[in-house]
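Input: a single structure, listed below in structure tokens.
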Amino acid sequence: MKQLGQYPGPRHVIAHLSDPHLLAGGALQYDAIDTEAGLRLSLERLAAVDPPPQALVFTGDLADKGEPQAYTRLREIVEPAAEAMGAEVIWVMGNHDERSDYSRGLFGEASDAPQDRVHEIDGLRIISLDSSVPGYHHGELSDDQLTWLAEVLATPAEHGTLLALHHPPIPLPMLRAAELIELLEQDRLAAALEGSDVRGILAGHLHFSTYSLFAGIPVSVASASCYTSDPAPVDRFVSGVSSGQAFTMVHAYADRLVHTIVPLDTGTEVTAVGLDIMAAVEDLTAEEARELASNKTSPFNAQHELEEGQDQLPVTTT
């Protein structure tokens, strides 16, 4: 792909999805939300991403009720789509997941131990850390988990590390209710990360997208593909709505991460530029391409008529 701006292409492309809350038997969540349809729509949208992701990271609450059949269905839907993209699937435990059924359904061996795993994606290490607490919705990390994490991080990865867990270690000013089920003793996690090569933290749990820093590390929380949390509800402590479902694309460069929210609802197109412009740009120098796109009087920025029989759409730049 031709470089158009100052930056080369990303070294790694990661899709960050969260909280599908899949239910067995096609049941509707709250008698209103088709969680399977939301998951499928996420994967359909992902199939159009170019370049495609090298990994799909699901940050928890994979199954709404921890049902074994839900994990089976999850794999049936996600794994073929991931294979078609050439992407590895990385699962993370959430508070709605049940360890024994999660580990049996996704990894083939039932276990009640914390589900912590290390993945390597072309030199980028992704650690799946289980912040769930059996029988509860808040998050905790045991001494053994933090010791294990520190030992893994003692050896830097070639291109650094992303930490993926369900409970985000950040303040929650737009969803105060979530403070009651937040990750406890976050200072202990900060101590384990100090001086490490962790360059980003991916989380879920909140059902809306938000960003912060933790121990100097960027934190990105992905929205959900089921229902979402209204961050500005009227006369409600918590309001779950069927709106704003999304996932996040993570593009990793040598010195930074770029996070982009991708809504599942594509919206109504009001202006467009066809892909044929790329073919024209390929034959231009970078300076010529910039002149074409940036000069207000260039042919590119003039009004263009589409093919006969189609409505005219304005060609715009930002």
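Following the order of the structure tokens, first chain is A, next is B, and so on, with residues numbered from 1 inside each chain and ligands from 1 in the order they appear.
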
**Message:** Env of Val133 of chain A: 12 Å cut, atoms = only C-alpha atoms, seq-sep filter 2 positions within chain, self excluded. Answer as a PyMOL selection string.
**Reply:** chain A and resi 93-99+112-115+130-131+135-142+166-167+181-184

Got time to write the residues from that selection, N, CA and C atoms, as a PDB file, in the first residue's frame?
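Saved the output as out17.pdb:
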```pdb
ATOM      1  N   MET A  93     -10.965 -13.655  30.098  1.00  0.00           N
ATOM      2  CA  MET A  93     -12.061 -13.916  31.032  1.00  0.00           C
ATOM      3  C   MET A  93     -12.731 -12.618  31.481  1.00  0.00           C
ATOM      4  N   GLY A  94     -14.056 -12.666  31.648  1.00  0.00           N
ATOM      5  CA  GLY A  94     -14.809 -11.555  32.220  1.00  0.00           C
ATOM      6  C   GLY A  94     -15.623 -12.003  33.408  1.00  0.00           C
ATOM      7  N   ASN A  95     -16.277 -11.060  34.075  1.00  0.00           N
ATOM      8  CA  ASN A  95     -17.036 -11.403  35.279  1.00  0.00           C
ATOM      9  C   ASN A  95     -18.273 -12.252  34.991  1.00  0.00           C
ATOM     10  N   HIS A  96     -18.765 -12.242  33.736  1.00  0.00           N
ATOM     11  CA  HIS A  96     -19.916 -13.088  33.387  1.00  0.00           C
ATOM     12  C   HIS A  96     -19.480 -14.482  32.948  1.00  0.00           C
ATOM     13  N   ASP A  97     -18.191 -14.658  32.728  1.00  0.00           N
ATOM     14  CA  ASP A  97     -17.690 -15.968  32.324  1.00  0.00           C
ATOM     15  C   ASP A  97     -17.459 -16.858  33.538  1.00  0.00           C
ATOM     16  N   GLU A  98     -17.536 -18.165  33.320  1.00  0.00           N
ATOM     17  CA  GLU A  98     -17.272 -19.150  34.369  1.00  0.00           C
ATOM     18  C   GLU A  98     -16.011 -19.927  33.981  1.00  0.00           C
ATOM     19  N   ARG A  99     -15.017 -19.920  34.864  1.00  0.00           N
ATOM     20  CA  ARG A  99     -13.695 -20.444  34.508  1.00  0.00           C
ATOM     21  C   ARG A  99     -13.723 -21.874  33.972  1.00  0.00           C
ATOM     22  N   ASP A 112     -10.445 -24.501  37.217  1.00  0.00           N
ATOM     23  CA  ASP A 112     -10.952 -23.409  38.045  1.00  0.00           C
ATOM     24  C   ASP A 112      -9.864 -22.401  38.373  1.00  0.00           C
ATOM     25  N   ALA A 113      -8.669 -22.593  37.820  1.00  0.00           N
ATOM     26  CA  ALA A 113      -7.557 -21.672  38.057  1.00  0.00           C
ATOM     27  C   ALA A 113      -7.725 -20.420  37.209  1.00  0.00           C
ATOM     28  N   PRO A 114      -7.091 -19.323  37.596  1.00  0.00           N
ATOM     29  CA  PRO A 114      -7.126 -18.116  36.765  1.00  0.00           C
ATOM     30  C   PRO A 114      -6.663 -18.404  35.343  1.00  0.00           C
ATOM     31  N   GLN A 115      -7.340 -17.821  34.398  1.00  0.00           N
ATOM     32  CA  GLN A 115      -7.074 -18.095  32.981  1.00  0.00           C
ATOM     33  C   GLN A 115      -6.141 -17.023  32.405  1.00  0.00           C
ATOM     34  N   ASP A 130      -6.588 -12.727  33.706  1.00  0.00           N
ATOM     35  CA  ASP A 130      -7.917 -13.019  34.257  1.00  0.00           C
ATOM     36  C   ASP A 130      -8.154 -12.196  35.526  1.00  0.00           C
ATOM     37  N   SER A 131      -8.971 -11.150  35.419  1.00  0.00           N
ATOM     38  CA  SER A 131      -9.271 -10.307  36.578  1.00  0.00           C
ATOM     39  C   SER A 131     -10.594 -10.676  37.245  1.00  0.00           C
ATOM     40  N   GLY A 135     -17.983 -15.918  41.448  1.00  0.00           N
ATOM     41  CA  GLY A 135     -19.153 -15.565  42.245  1.00  0.00           C
ATOM     42  C   GLY A 135     -19.385 -14.080  42.409  1.00  0.00           C
ATOM     43  N   TYR A 136     -18.530 -13.242  41.836  1.00  0.00           N
ATOM     44  CA  TYR A 136     -18.648 -11.791  41.999  1.00  0.00           C
ATOM     45  C   TYR A 136     -18.471 -11.089  40.659  1.00  0.00           C
ATOM     46  N   HIS A 137     -18.852  -9.809  40.638  1.00  0.00           N
ATOM     47  CA  HIS A 137     -18.713  -9.028  39.415  1.00  0.00           C
ATOM     48  C   HIS A 137     -17.525  -8.061  39.451  1.00  0.00           C
ATOM     49  N   HIS A 138     -16.970  -7.780  40.622  1.00  0.00           N
ATOM     50  CA  HIS A 138     -15.800  -6.903  40.674  1.00  0.00           C
ATOM     51  C   HIS A 138     -14.553  -7.691  40.263  1.00  0.00           C
ATOM     52  N   GLY A 139     -13.438  -6.998  40.133  1.00  0.00           N
ATOM     53  CA  GLY A 139     -12.214  -7.654  39.713  1.00  0.00           C
ATOM     54  C   GLY A 139     -11.132  -7.637  40.769  1.00  0.00           C
ATOM     55  N   GLU A 140     -10.297  -8.668  40.767  1.00  0.00           N
ATOM     56  CA  GLU A 140      -9.135  -8.759  41.659  1.00  0.00           C
ATOM     57  C   GLU A 140      -8.027  -9.524  40.942  1.00  0.00           C
ATOM     58  N   LEU A 141      -6.812  -9.320  41.392  1.00  0.00           N
ATOM     59  CA  LEU A 141      -5.665 -10.092  40.914  1.00  0.00           C
ATOM     60  C   LEU A 141      -4.941 -10.644  42.127  1.00  0.00           C
ATOM     61  N   SER A 142      -4.690 -11.938  42.128  1.00  0.00           N
ATOM     62  CA  SER A 142      -4.064 -12.581  43.281  1.00  0.00           C
ATOM     63  C   SER A 142      -2.569 -12.303  43.313  1.00  0.00           C
ATOM     64  N   HIS A 166     -10.250  -7.742  31.651  1.00  0.00           N
ATOM     65  CA  HIS A 166     -11.638  -7.297  31.541  1.00  0.00           C
ATOM     66  C   HIS A 166     -11.902  -5.993  32.292  1.00  0.00           C
ATOM     67  N   HIS A 167     -11.479  -5.916  33.549  1.00  0.00           N
ATOM     68  CA  HIS A 167     -11.771  -4.758  34.389  1.00  0.00           C
ATOM     69  C   HIS A 167     -10.748  -3.650  34.139  1.00  0.00           C
ATOM     70  N   ILE A 181     -18.012  -2.266  41.091  1.00  0.00           N
ATOM     71  CA  ILE A 181     -17.542  -3.549  40.553  1.00  0.00           C
ATOM     72  C   ILE A 181     -16.260  -3.334  39.752  1.00  0.00           C
ATOM     73  N   GLU A 182     -15.406  -2.429  40.246  1.00  0.00           N
ATOM     74  CA  GLU A 182     -14.151  -2.118  39.568  1.00  0.00           C
ATOM     75  C   GLU A 182     -13.053  -3.113  39.950  1.00  0.00           C
ATOM     76  N   LEU A 183     -11.892  -2.967  39.351  1.00  0.00           N
ATOM     77  CA  LEU A 183     -10.719  -3.754  39.723  1.00  0.00           C
ATOM     78  C   LEU A 183     -10.172  -3.206  41.040  1.00  0.00           C
ATOM     79  N   LEU A 184     -10.089  -4.054  42.055  1.00  0.00           N
ATOM     80  CA  LEU A 184      -9.623  -3.626  43.372  1.00  0.00           C
ATOM     81  C   LEU A 184      -8.092  -3.588  43.429  1.00  0.00           C
TER      82      LEU A 184
END
```

**Message:** Run DSSP on the backbone and tell me which residues of segment 19-266 of chain A come out as strand (DSSP E or B); list them as a count of residues only.
**Reply:** 64

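Shortest separation to Leu62 of chain A among A:Pro156, A:His259, A:Gly204, A:Leu163 occurs at residue A:Gly204, atoms counted being only C-alpha atoms.
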
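Distance check against Phe247 of chain A using only C-alpha atoms: of A:Gly86, A:Gly5, A:Gly38, A:Pro52, the minimum falls on A:Gly38.
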
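One distance worth recording is that between atom CA of Arg256 of chain A and atom CA of Leu4 of chain A, which is 18.7 Å.
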
**Contact residues around Leu17 of chain A with only C-alpha atoms at 8 Å, ignoring same-chain residues under 2 positions, as a list of chain:residue names** = A:Ala15, A:Asp19, A:Leu56, A:Val57, A:Phe58, A:Thr59, A:Ala222, A:Ser223, A:Ala224, A:Ser225, A:Ala246, A:Phe247, A:Thr248

Write a file of the just-selected residues containing C-alpha atoms, as a compact mmCIF listing (two decimals), in the first residue's frame.
```txt
# COMPACT_ATOMS: atom_id res chain seq x y z
CA ALA A 15 -8.88 -5.79 16.58
CA ASP A 19 -18.47 -8.08 25.85
CA LEU A 56 -8.77 -10.51 17.51
CA VAL A 57 -8.65 -9.73 21.23
CA PHE A 58 -11.94 -10.28 23.09
CA THR A 59 -11.67 -8.62 26.51
CA ALA A 222 -13.75 -1.08 23.96
CA SER A 223 -17.51 -0.83 23.72
CA ALA A 224 -19.73 -3.91 23.53
CA SER A 225 -21.36 -5.73 20.64
CA ALA A 246 -18.62 -0.77 18.43
CA PHE A 247 -15.20 -2.35 18.48
CA THR A 248 -11.78 -0.70 18.43
```

**Prompt:** Using only C-alpha atoms, which of the listed residues (A:Gly26, A:Gly240, A:Pro171, A:Pro8) sits closest to Cys226 of chain A?
**Reply:** A:Gly240

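With only C-alpha atoms as the atoms that count, the residue of A:Ala279, A:Leu175, A:Val78, A:Val198 with the shortest distance to Leu46 of chain A is A:Val78.
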
**Request:** Rank nothing, just name the residue among A:Ala70, A:Met85, A:Leu43, A:Ala55 nearest to Leu22 of chain A, using only C-alpha atoms.
**Result:** A:Ala70
